[in-house]
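Note: the block below is final02.tsv and it holds TSV, C-alpha atoms.
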```
chain	number	residue	atom	x	y	z
A	1	MET	CA	-47.26	-87.46	-16.76
A	2	THR	CA	-48.74	-84.09	-17.56
A	3	GLN	CA	-48.59	-81.60	-14.69
A	4	HIS	CA	-51.43	-79.15	-14.22
A	5	PHE	CA	-50.55	-75.63	-13.01
A	6	ALA	CA	-53.40	-73.38	-11.88
A	7	PHE	CA	-52.90	-69.62	-11.59
A	8	VAL	CA	-55.09	-67.58	-9.26
A	9	LEU	CA	-55.21	-64.16	-10.92
A	10	VAL	CA	-55.78	-61.44	-8.34
A	11	GLU	CA	-57.13	-58.16	-9.74
A	12	GLU	CA	-54.42	-55.77	-10.99
A	13	PHE	CA	-52.02	-58.70	-11.37
A	14	SER	CA	-48.73	-58.22	-13.21
A	15	HIS	CA	-49.04	-59.06	-16.90
A	16	LEU	CA	-45.26	-59.40	-17.19
A	17	ALA	CA	-45.11	-61.99	-14.42
A	18	PHE	CA	-48.14	-63.75	-15.93
A	19	SER	CA	-46.45	-64.13	-19.31
A	20	CYS	CA	-43.18	-65.21	-17.72
A	21	ALA	CA	-45.07	-67.90	-15.81
A	22	VAL	CA	-47.12	-69.40	-18.63
A	23	GLU	CA	-44.84	-69.09	-21.66
A	24	PRO	CA	-42.01	-71.31	-20.34
A	25	LEU	CA	-44.58	-74.07	-19.81
A	26	ARG	CA	-45.96	-73.66	-23.33
A	27	ILE	CA	-42.46	-73.67	-24.81
A	28	ALA	CA	-41.50	-76.75	-22.78
A	29	ASN	CA	-44.39	-78.60	-24.45
A	30	LEU	CA	-43.39	-77.26	-27.85
A	31	VAL	CA	-39.72	-78.19	-27.56
A	32	SER	CA	-40.31	-81.61	-26.02
A	33	GLU	CA	-43.20	-82.39	-28.39
A	34	GLN	CA	-45.09	-83.68	-25.36
A	35	GLU	CA	-47.80	-82.28	-23.13
A	36	LEU	CA	-45.58	-81.95	-20.08
A	37	TYR	CA	-47.69	-79.14	-18.66
A	38	ARG	CA	-51.20	-77.78	-18.91
A	39	TRP	CA	-52.58	-74.75	-17.12
A	40	SER	CA	-55.78	-73.03	-16.14
A	41	PHE	CA	-56.69	-69.64	-14.73
A	42	VAL	CA	-58.81	-68.84	-11.69
A	43	SER	CA	-60.43	-65.60	-10.53
A	44	GLU	CA	-62.94	-64.70	-7.83
A	45	GLN	CA	-65.97	-64.55	-10.13
A	46	GLY	CA	-64.72	-67.23	-12.52
A	47	GLU	CA	-65.17	-65.12	-15.65
A	48	ARG	CA	-62.25	-62.79	-16.16
A	49	ALA	CA	-59.38	-60.97	-14.46
A	50	VAL	CA	-57.98	-57.53	-15.22
A	51	CYS	CA	-54.25	-56.95	-14.95
A	52	SER	CA	-52.49	-53.72	-14.02
A	53	ASN	CA	-52.05	-52.62	-17.65
A	54	GLY	CA	-55.79	-52.95	-18.31
A	55	SER	CA	-55.64	-56.16	-20.33
A	56	VAL	CA	-58.48	-58.59	-19.67
A	57	THR	CA	-57.82	-62.32	-19.32
A	58	LEU	CA	-60.64	-64.84	-19.54
A	59	VAL	CA	-60.43	-67.52	-16.87
A	60	HIS	CA	-61.59	-71.10	-16.53
A	61	HIS	CA	-62.69	-71.32	-12.89
A	62	GLY	CA	-63.92	-69.34	-9.92
A	63	PHE	CA	-62.86	-69.63	-6.29
A	64	ASP	CA	-65.73	-72.02	-5.63
A	65	ASN	CA	-64.53	-74.61	-8.14
A	66	VAL	CA	-60.74	-74.51	-8.18
A	67	PRO	CA	-59.61	-77.56	-10.19
A	68	ARG	CA	-57.43	-80.35	-8.92
A	69	CYS	CA	-53.88	-79.39	-9.85
A	70	ASP	CA	-50.26	-80.22	-9.16
A	71	ARG	CA	-49.30	-76.63	-8.37
A	72	LEU	CA	-51.36	-73.54	-7.68
A	73	PHE	CA	-49.77	-70.09	-7.91
A	74	VAL	CA	-51.22	-66.86	-6.56
A	75	LEU	CA	-50.33	-64.06	-8.97
A	76	SER	CA	-50.97	-60.49	-7.91
A	77	GLY	CA	-49.45	-57.09	-8.66
A	78	ILE	CA	-50.04	-53.55	-7.49
A	79	HIS	CA	-52.51	-52.70	-4.72
A	80	MET	CA	-52.69	-56.37	-3.76
A	81	ARG	CA	-53.73	-55.46	-0.20
A	82	ASN	CA	-56.98	-54.08	-1.61
A	83	HIS	CA	-57.76	-57.44	-3.20
A	84	VAL	CA	-57.01	-59.88	-0.36
A	85	THR	CA	-60.64	-60.89	0.13
A	86	LYS	CA	-62.23	-63.47	2.40
A	87	PRO	CA	-63.23	-65.65	-0.60
A	88	LEU	CA	-59.61	-65.60	-1.80
A	89	LEU	CA	-58.19	-66.62	1.58
A	90	SER	CA	-60.88	-69.26	2.03
A	91	ALA	CA	-60.14	-70.77	-1.38
A	92	LEU	CA	-56.41	-70.94	-0.62
A	93	ARG	CA	-57.03	-72.56	2.77
A	94	ARG	CA	-59.26	-75.17	1.16
A	95	GLU	CA	-56.57	-75.96	-1.38
A	96	LYS	CA	-53.94	-76.24	1.31
A	97	ALA	CA	-56.21	-78.60	3.28
A	98	ARG	CA	-56.51	-80.94	0.31
A	99	GLY	CA	-52.75	-81.03	-0.19
A	100	THR	CA	-52.27	-78.74	-3.18
A	101	ARG	CA	-48.77	-77.30	-3.52
A	102	ILE	CA	-49.28	-73.53	-3.33
A	103	GLY	CA	-46.84	-70.84	-4.43
A	104	ALA	CA	-46.86	-67.13	-5.16
A	105	LEU	CA	-45.58	-64.80	-7.87
A	106	CYS	CA	-44.74	-61.07	-7.79
A	107	SER	CA	-46.58	-59.61	-4.77
A	108	GLY	CA	-48.45	-62.89	-4.22
A	109	ALA	CA	-46.30	-63.70	-1.18
A	110	TRP	CA	-48.27	-61.00	0.64
A	111	VAL	CA	-51.46	-62.99	0.04
A	112	LEU	CA	-49.89	-66.20	1.34
A	113	ALA	CA	-48.57	-64.36	4.38
A	114	GLU	CA	-52.05	-62.97	5.07
A	115	ALA	CA	-53.32	-66.54	4.98
A	116	GLY	CA	-50.65	-67.54	7.51
A	117	PHE	CA	-48.87	-69.91	5.13
A	118	LEU	CA	-45.35	-68.45	5.32
A	119	ASP	CA	-44.66	-68.24	9.05
A	120	GLY	CA	-41.11	-69.38	9.77
A	121	MET	CA	-40.30	-69.81	6.07
A	122	GLN	CA	-38.14	-67.95	3.59
A	123	ALA	CA	-40.06	-66.00	0.96
A	124	ALA	CA	-39.42	-63.65	-1.95
A	125	ILE	CA	-41.54	-60.68	-2.98
A	126	HIS	CA	-41.06	-57.77	-5.36
A	127	TRP	CA	-38.55	-55.29	-3.88
A	128	GLU	CA	-41.16	-52.52	-3.79
A	129	TYR	CA	-42.95	-54.28	-0.92
A	130	HIS	CA	-39.93	-55.30	1.19
A	131	ASP	CA	-40.23	-52.63	3.88
A	132	SER	CA	-43.97	-52.93	4.36
A	133	PHE	CA	-43.83	-56.73	4.22
A	134	MET	CA	-41.21	-56.93	6.97
A	135	GLU	CA	-43.30	-54.62	9.13
A	136	ALA	CA	-46.51	-56.56	8.54
A	137	PHE	CA	-45.11	-60.10	8.73
A	138	PRO	CA	-42.03	-60.21	10.99
A	139	GLU	CA	-42.51	-63.95	11.44
A	140	VAL	CA	-41.67	-64.54	7.74
A	141	ASN	CA	-37.99	-64.71	6.75
A	142	LEU	CA	-38.07	-62.35	3.80
A	143	VAL	CA	-35.04	-62.70	1.51
A	144	ARG	CA	-33.74	-60.55	-1.34
A	145	SER	CA	-33.48	-63.53	-3.71
A	146	VAL	CA	-35.26	-63.45	-7.05
A	147	PHE	CA	-37.08	-66.62	-6.03
A	148	VAL	CA	-37.28	-69.24	-3.28
A	149	ALA	CA	-37.83	-72.80	-4.49
A	150	ASP	CA	-36.76	-74.97	-1.56
A	151	GLU	CA	-39.61	-74.16	0.82
A	152	LYS	CA	-43.04	-75.74	1.06
A	153	HIS	CA	-44.46	-72.64	-0.62
A	154	VAL	CA	-42.28	-71.48	-3.53
A	155	THR	CA	-42.24	-67.75	-4.24
A	156	ALA	CA	-40.86	-65.52	-7.00
A	157	SER	CA	-40.33	-61.78	-6.81
A	158	GLY	CA	-42.08	-60.96	-10.07
A	159	GLY	CA	-41.18	-59.84	-13.57
A	160	THR	CA	-38.55	-62.01	-15.22
A	161	ALA	CA	-37.81	-63.67	-11.86
A	162	THR	CA	-40.98	-65.64	-12.57
A	163	ALA	CA	-39.35	-67.05	-15.70
A	164	ASP	CA	-36.28	-67.95	-13.63
A	165	LEU	CA	-38.47	-69.92	-11.24
A	166	MET	CA	-40.35	-71.71	-14.03
A	167	LEU	CA	-37.10	-72.67	-15.74
A	168	HIS	CA	-35.86	-73.98	-12.40
A	169	LEU	CA	-38.99	-76.11	-12.02
A	170	ILE	CA	-38.69	-77.37	-15.59
A	171	GLU	CA	-35.09	-78.38	-14.91
A	172	ARG	CA	-36.13	-80.08	-11.67
A	173	ASP	CA	-38.93	-81.98	-13.45
A	174	HIS	CA	-37.37	-82.77	-16.81
A	175	GLY	CA	-33.66	-82.01	-16.74
A	176	TYR	CA	-31.17	-79.30	-17.51
A	177	ASP	CA	-31.17	-79.76	-21.29
A	178	LEU	CA	-34.88	-79.00	-21.61
A	179	SER	CA	-34.64	-75.92	-19.39
A	180	VAL	CA	-31.79	-74.59	-21.55
A	181	ALA	CA	-33.75	-75.30	-24.73
A	182	VAL	CA	-36.72	-73.38	-23.33
A	183	ALA	CA	-34.49	-70.46	-22.31
A	184	ASP	CA	-32.99	-70.44	-25.82
A	185	GLN	CA	-36.46	-70.25	-27.37
A	186	MET	CA	-37.19	-67.30	-25.07
A	187	VAL	CA	-33.87	-65.68	-26.12
A	188	TYR	CA	-33.16	-65.55	-22.40
A	189	SER	CA	-29.40	-65.82	-21.92
A	190	ALA	CA	-29.03	-64.59	-18.34
A	191	VAL	CA	-31.08	-67.14	-16.42
A	192	ARG	CA	-30.64	-66.62	-12.67
A	193	ASN	CA	-30.65	-69.16	-9.89
A	194	ALA	CA	-32.33	-68.67	-6.53
A	195	THR	CA	-29.26	-67.05	-4.94
A	196	ALA	CA	-29.37	-64.09	-7.33
A	197	GLU	CA	-30.73	-60.94	-5.74
A	198	GLN	CA	-32.92	-57.98	-6.61
A	199	LYS	CA	-29.93	-55.73	-6.03
A	200	VAL	CA	-30.23	-52.98	-8.62
A	201	SER	CA	-33.75	-52.02	-7.63
A	202	LEU	CA	-32.91	-52.16	-3.93
A	203	GLN	CA	-29.93	-49.88	-4.42
A	204	SER	CA	-31.88	-47.27	-6.33
A	205	ARG	CA	-34.84	-47.41	-3.96
A	206	ASN	CA	-32.84	-47.19	-0.75
A	207	GLY	CA	-30.50	-44.67	-2.29
A	208	MET	CA	-33.44	-42.28	-2.49
A	209	ARG	CA	-34.37	-43.01	1.13
A	210	ASN	CA	-31.03	-42.78	2.92
A	211	THR	CA	-28.07	-40.79	1.64
A	212	HIS	CA	-25.54	-42.54	3.91
A	213	LEU	CA	-26.60	-45.96	2.63
A	214	ALA	CA	-26.54	-44.75	-0.98
A	215	ARG	CA	-23.04	-43.38	-0.51
A	216	ALA	CA	-21.84	-46.61	1.10
A	217	ILE	CA	-23.24	-48.72	-1.75
A	218	GLN	CA	-21.65	-46.41	-4.32
A	219	LEU	CA	-18.29	-46.73	-2.56
A	220	MET	CA	-18.62	-50.51	-2.67
A	221	GLN	CA	-19.33	-50.38	-6.38
A	222	ASP	CA	-16.28	-48.16	-6.92
A	223	GLN	CA	-14.08	-50.51	-4.88
A	224	ILE	CA	-15.13	-53.89	-6.26
A	225	GLY	CA	-11.68	-54.46	-7.75
A	226	ASP	CA	-9.91	-53.29	-4.59
A	227	PRO	CA	-12.31	-53.97	-1.70
A	228	VAL	CA	-12.01	-52.14	1.60
A	229	SER	CA	-13.39	-52.96	5.03
A	230	PRO	CA	-16.73	-51.74	6.42
A	231	THR	CA	-14.72	-49.58	8.84
A	232	VAL	CA	-13.06	-47.73	5.97
A	233	ILE	CA	-16.40	-47.34	4.17
A	234	ALA	CA	-18.02	-45.94	7.32
A	235	GLU	CA	-15.17	-43.43	7.74
A	236	ARG	CA	-15.54	-42.24	4.16
A	237	VAL	CA	-19.30	-41.90	4.54
A	238	GLY	CA	-18.83	-39.99	7.77
A	239	ILE	CA	-20.59	-42.33	10.20
A	240	SER	CA	-19.52	-44.98	12.68
A	241	THR	CA	-19.11	-48.64	11.76
A	242	ARG	CA	-21.94	-49.44	14.13
A	243	GLN	CA	-24.23	-46.96	12.37
A	244	LEU	CA	-23.31	-48.50	9.02
A	245	GLU	CA	-24.18	-51.96	10.33
A	246	ARG	CA	-27.56	-50.69	11.53
A	247	LEU	CA	-28.37	-49.09	8.16
A	248	PHE	CA	-27.65	-52.28	6.24
A	249	GLY	CA	-29.62	-54.30	8.74
A	250	LYS	CA	-32.62	-51.97	8.66
A	251	TYR	CA	-32.92	-51.40	4.91
A	252	LEU	CA	-31.32	-54.49	3.37
A	253	ASN	CA	-31.61	-57.13	6.11
A	254	THR	CA	-27.89	-57.98	5.85
A	255	SER	CA	-24.46	-56.78	6.96
A	256	PRO	CA	-22.13	-54.46	4.99
A	257	LYS	CA	-19.51	-57.22	4.73
A	258	LYS	CA	-21.97	-59.77	3.37
A	259	TYR	CA	-23.58	-57.26	1.01
A	260	PHE	CA	-20.19	-56.25	-0.40
A	261	MET	CA	-19.21	-59.89	-0.97
A	262	GLU	CA	-22.51	-60.59	-2.72
A	263	MET	CA	-22.00	-57.53	-4.90
A	264	ARG	CA	-18.54	-58.75	-5.91
A	265	LEU	CA	-19.82	-62.26	-6.63
A	266	ASP	CA	-22.70	-60.91	-8.71
A	267	ARG	CA	-20.23	-58.86	-10.74
A	268	ALA	CA	-18.05	-61.95	-11.18
A	269	ARG	CA	-21.00	-64.01	-12.38
A	270	ASN	CA	-21.99	-61.34	-14.88
A	271	LEU	CA	-18.42	-61.24	-16.23
A	272	LEU	CA	-18.35	-65.02	-16.58
A	273	VAL	CA	-21.69	-65.10	-18.37
A	274	GLN	CA	-21.29	-62.03	-20.54
A	275	THR	CA	-17.56	-61.88	-21.43
A	276	GLU	CA	-14.70	-64.11	-22.55
A	277	SER	CA	-12.44	-63.05	-19.65
A	278	SER	CA	-10.54	-65.88	-17.99
A	279	VAL	CA	-11.52	-67.04	-14.52
A	280	THR	CA	-8.26	-65.61	-13.21
A	281	ASP	CA	-8.96	-62.21	-14.75
A	282	VAL	CA	-12.50	-62.24	-13.36
A	283	ALA	CA	-11.20	-63.14	-9.89
A	284	PHE	CA	-8.74	-60.23	-9.82
A	285	ALA	CA	-11.24	-57.82	-11.40
A	286	CYS	CA	-13.62	-58.53	-8.51
A	287	GLY	CA	-11.01	-58.14	-5.80
A	288	PHE	CA	-10.23	-61.76	-4.91
A	289	GLU	CA	-6.69	-62.49	-3.77
A	290	SER	CA	-6.32	-65.67	-5.84
A	291	PRO	CA	-8.28	-67.78	-8.34
A	292	GLY	CA	-8.40	-70.61	-5.80
A	293	HIS	CA	-9.98	-68.40	-3.12
A	294	PHE	CA	-12.40	-67.01	-5.70
A	295	SER	CA	-13.41	-70.51	-6.80
A	296	ARG	CA	-14.14	-71.63	-3.23
A	297	VAL	CA	-16.21	-68.54	-2.38
A	298	TYR	CA	-18.06	-68.68	-5.71
A	299	LYS	CA	-18.98	-72.33	-5.27
A	300	ALA	CA	-20.18	-71.70	-1.71
A	301	ALA	CA	-22.45	-68.92	-2.99
A	302	PHE	CA	-23.78	-70.42	-6.24
A	303	GLY	CA	-23.25	-74.16	-5.80
A	304	ILE	CA	-21.01	-74.39	-8.87
A	305	LYS	CA	-17.37	-73.60	-9.66
A	306	PRO	CA	-16.66	-70.59	-11.92
A	307	THR	CA	-15.26	-72.88	-14.62
A	308	HIS	CA	-18.39	-75.01	-14.59
A	309	GLN	CA	-20.59	-71.92	-14.69
A	310	ARG	CA	-19.05	-71.07	-18.02
A	311	ASP	CA	-19.20	-74.67	-19.22
A	312	ARG	CA	-22.97	-74.69	-18.74
A	313	LEU	CA	-23.29	-71.76	-21.10
A	314	THR	CA	-21.30	-73.37	-23.93
```

Go ahead and render the structure in this file as structure tokens.
Amino acid sequence: MTQHFAFVLVEEFSHLAFSCAVEPLRIANLVSEQELYRWSFVSEQGERAVCSNGSVTLVHHGFDNVPRCDRLFVLSGIHMRNHVTKPLLSALRREKARGTRIGALCSGAWVLAEAGFLDGMQAAIHWEYHDSFMEAFPEVNLVRSVFVADEKHVTASGGTATADLMLHLIERDHGYDLSVAVADQMVYSAVRNATAEQKVSLQSRNGMRNTHLARAIQLMQDQIGDPVSPTVIAERVGISTRQLERLFGKYLNTSPKKYFMEMRLDRARNLLVQTESSVTDVAFACGFESPGHFSRVYKAAFGIKPTHQRDRLT
């Protein structure tokens, strides 16, 4: 059966996230030669919506006549706090009351949090809003993942993470082969799963904010092939281990040990996807003591063995 996705376009929404949301659905129809998905756009006035780059998108519906749909996504971008209006929140609450599955893209998680939808749940939002989001909504379990798909309200952090989420939903609905075919049509060879993180942006952003944290992250990057303990990192940075733990907790919502392991696993995944190096070589390059240990840790993190990760790409 055809699924109907509705997108609530909040003023100054991200055009990149918008394209990455709609195009995978269009391509899924094209590749399958079936109408698996259809979509419509919603804005407050029901006429048009203007994205952050100034482009104007004509819409099908206003907040007072949101269509029946299988999924409704709130898509916002910059300055979203200026556009969280009473009509928007009322429309979302009405949709929730009638059982519509509601999600959010880019900064849209902020809108859902304002509506009280995300309390006690995991959620993803663009890295730029992490600090302010955690301050405003401490009851939401904000994660650094590119998307969260296993909660009642699915969320994606924006940009190409929106494509990752849509490909995940296509795979869930219609199988792995179709999702791969869609990704191939998009020339998108580095599809991420939900455990992937917005790490590069977080490093650069927090590096500007705290020199000790930036130095610690740089040391981790330099030591990926020969990892050292948080105690050694703290000594080299010139702070106590306890201070290092507090910095990672405050800015990255994790521990130095966990962050370092995730960094090593991300590097390993990139090597598996992007190079012909053997699993053994990848394991040693990322500081794992043996291929067997690497395989166990990798599977625990990504839900798939390193060998199978590569098999899925061939």

Exercise. Just how far from CA of Val42 in chain A is CA of Asp184 in chain A, in Å to one decimal?
Worked result: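 Taking CA of Asp184 in chain A and CA of Val42 in chain A, their separation equals 29.5 Å.
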
One residue among A:Ile170, A:Ala300, A:Met263, A:Ala124 is nearest to Val148 in chain A when using all atoms listed in the file, and that residue is A:Ala124

Separating CA of Thr275 in chain A from CA of Ser157 in chain A, to the nearest tenth of an Å, is a gap of 27.1 Å

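Summary of the local environment: counting all atoms listed in the file, residues at most 12 Å from Phe63 in chain A, other than itself and those fewer than 3 positions away along its chain, are Ala6, Phe7, Val8, Leu9, Val10, Phe41, Val42, Ser43, Glu44, Gln45, Gly46, Glu47, Val59, His60, Val66, Pro67, Val74, Thr85, Lys86, Pro87, Leu88, Leu89, Ser90, Ala91, Leu92, Arg93, Arg94 and Glu95 of chain A.
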
The selected residues should be written to file as an mmCIF file, keeping the file's coordinate frame (atoms: C-alpha atoms).
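The resulting file, result-v6.cif, is shown below:
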```cif
data_model
loop_
_atom_site.group_PDB
_atom_site.id
_atom_site.type_symbol
_atom_site.label_atom_id
_atom_site.label_comp_id
_atom_site.auth_asym_id
_atom_site.auth_seq_id
_atom_site.Cartn_x
_atom_site.Cartn_y
_atom_site.Cartn_z
ATOM 1 C CA ALA A 6 -53.400 -73.380 -11.880
ATOM 2 C CA PHE A 7 -52.900 -69.620 -11.590
ATOM 3 C CA VAL A 8 -55.090 -67.580 -9.260
ATOM 4 C CA LEU A 9 -55.210 -64.160 -10.920
ATOM 5 C CA VAL A 10 -55.780 -61.440 -8.340
ATOM 6 C CA PHE A 41 -56.690 -69.640 -14.730
ATOM 7 C CA VAL A 42 -58.810 -68.840 -11.690
ATOM 8 C CA SER A 43 -60.430 -65.600 -10.530
ATOM 9 C CA GLU A 44 -62.940 -64.700 -7.830
ATOM 10 C CA GLN A 45 -65.970 -64.550 -10.130
ATOM 11 C CA GLY A 46 -64.720 -67.230 -12.520
ATOM 12 C CA GLU A 47 -65.170 -65.120 -15.650
ATOM 13 C CA VAL A 59 -60.430 -67.520 -16.870
ATOM 14 C CA HIS A 60 -61.590 -71.100 -16.530
ATOM 15 C CA VAL A 66 -60.740 -74.510 -8.180
ATOM 16 C CA PRO A 67 -59.610 -77.560 -10.190
ATOM 17 C CA VAL A 74 -51.220 -66.860 -6.560
ATOM 18 C CA THR A 85 -60.640 -60.890 0.130
ATOM 19 C CA LYS A 86 -62.230 -63.470 2.400
ATOM 20 C CA PRO A 87 -63.230 -65.650 -0.600
ATOM 21 C CA LEU A 88 -59.610 -65.600 -1.800
ATOM 22 C CA LEU A 89 -58.190 -66.620 1.580
ATOM 23 C CA SER A 90 -60.880 -69.260 2.030
ATOM 24 C CA ALA A 91 -60.140 -70.770 -1.380
ATOM 25 C CA LEU A 92 -56.410 -70.940 -0.620
ATOM 26 C CA ARG A 93 -57.030 -72.560 2.770
ATOM 27 C CA ARG A 94 -59.260 -75.170 1.160
ATOM 28 C CA GLU A 95 -56.570 -75.960 -1.380
#
```

Please list as a VMD selection string every residue within 12 Å of Phe294 in chain A, counting all atoms listed in the file and excluding residues in the same chain fewer than 2 positions away. chain A and resid 261 264 to 265 268 to 269 279 to 292 296 to 302 304 to 307

Deliver the residues from the most recent selection as a file, using C-alpha atoms, as an mmCIF file, in the frame of the given file.
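Once everything was written out, this is result_14.cif:
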```cif
data_model
loop_
_atom_site.group_PDB
_atom_site.id
_atom_site.type_symbol
_atom_site.label_atom_id
_atom_site.label_comp_id
_atom_site.auth_asym_id
_atom_site.auth_seq_id
_atom_site.Cartn_x
_atom_site.Cartn_y
_atom_site.Cartn_z
ATOM 1 C CA MET A 261 -19.210 -59.890 -0.970
ATOM 2 C CA ARG A 264 -18.540 -58.750 -5.910
ATOM 3 C CA LEU A 265 -19.820 -62.260 -6.630
ATOM 4 C CA ALA A 268 -18.050 -61.950 -11.180
ATOM 5 C CA ARG A 269 -21.000 -64.010 -12.380
ATOM 6 C CA VAL A 279 -11.520 -67.040 -14.520
ATOM 7 C CA THR A 280 -8.260 -65.610 -13.210
ATOM 8 C CA ASP A 281 -8.960 -62.210 -14.750
ATOM 9 C CA VAL A 282 -12.500 -62.240 -13.360
ATOM 10 C CA ALA A 283 -11.200 -63.140 -9.890
ATOM 11 C CA PHE A 284 -8.740 -60.230 -9.820
ATOM 12 C CA ALA A 285 -11.240 -57.820 -11.400
ATOM 13 C CA CYS A 286 -13.620 -58.530 -8.510
ATOM 14 C CA GLY A 287 -11.010 -58.140 -5.800
ATOM 15 C CA PHE A 288 -10.230 -61.760 -4.910
ATOM 16 C CA GLU A 289 -6.690 -62.490 -3.770
ATOM 17 C CA SER A 290 -6.320 -65.670 -5.840
ATOM 18 C CA PRO A 291 -8.280 -67.780 -8.340
ATOM 19 C CA GLY A 292 -8.400 -70.610 -5.800
ATOM 20 C CA ARG A 296 -14.140 -71.630 -3.230
ATOM 21 C CA VAL A 297 -16.210 -68.540 -2.380
ATOM 22 C CA TYR A 298 -18.060 -68.680 -5.710
ATOM 23 C CA LYS A 299 -18.980 -72.330 -5.270
ATOM 24 C CA ALA A 300 -20.180 -71.700 -1.710
ATOM 25 C CA ALA A 301 -22.450 -68.920 -2.990
ATOM 26 C CA PHE A 302 -23.780 -70.420 -6.240
ATOM 27 C CA ILE A 304 -21.010 -74.390 -8.870
ATOM 28 C CA LYS A 305 -17.370 -73.600 -9.660
ATOM 29 C CA PRO A 306 -16.660 -70.590 -11.920
ATOM 30 C CA THR A 307 -15.260 -72.880 -14.620
#
```

Counting only C-alpha atoms, what is within 8 Å of Pro256 in chain A, bar same-chain residues fewer than 5 positions away, as a ChimeraX atom specification? /A:230,244-245,248

Take the residues from that selection and write them out as an mmCIF file, in the coordinates of the input, keeping C-alpha atoms.
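Resulting contents of out_29.cif:
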```cif
data_model
loop_
_atom_site.group_PDB
_atom_site.id
_atom_site.type_symbol
_atom_site.label_atom_id
_atom_site.label_comp_id
_atom_site.auth_asym_id
_atom_site.auth_seq_id
_atom_site.Cartn_x
_atom_site.Cartn_y
_atom_site.Cartn_z
ATOM 1 C CA PRO A 230 -16.730 -51.740 6.420
ATOM 2 C CA LEU A 244 -23.310 -48.500 9.020
ATOM 3 C CA GLU A 245 -24.180 -51.960 10.330
ATOM 4 C CA PHE A 248 -27.650 -52.280 6.240
#
```

Students should find that CA of Ser76 in chain A and CA of Val182 in chain A are spaced 24.6 Å

**OP:** List the neighbours of range 71-73 of chain A out to 7 Å using all atoms listed in the file; skip same-chain residues closer than 5 positions along the sequence, and give me the result as a VMD selection string.
**Re:** chain A and resid 4 to 8 100 to 105

If you count all atoms listed in the file, the residue of A:Glu235, A:Glu139, A:Asp119, A:Asp164 closest to Met186 in chain A turns out to be A:Asp164

Can you tell me which residues surround Lys257 in chain A at a distance of at most 12 Å, considering all atoms listed in the file, apart from same-chain residues fewer than 2 positions away, and format the answer as a PyMOL selection string? chain A and resi 216-217+220+227-234+241+244-245+248-249+254-255+259-264

Exercise. Counting only C-alpha atoms, which of A:Arg236, A:Arg81, A:Lys250, A:His212 gets nearest to Val111 in chain A?
Worked result: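 With only C-alpha atoms as the atom set, the closest residue is A:Arg81.
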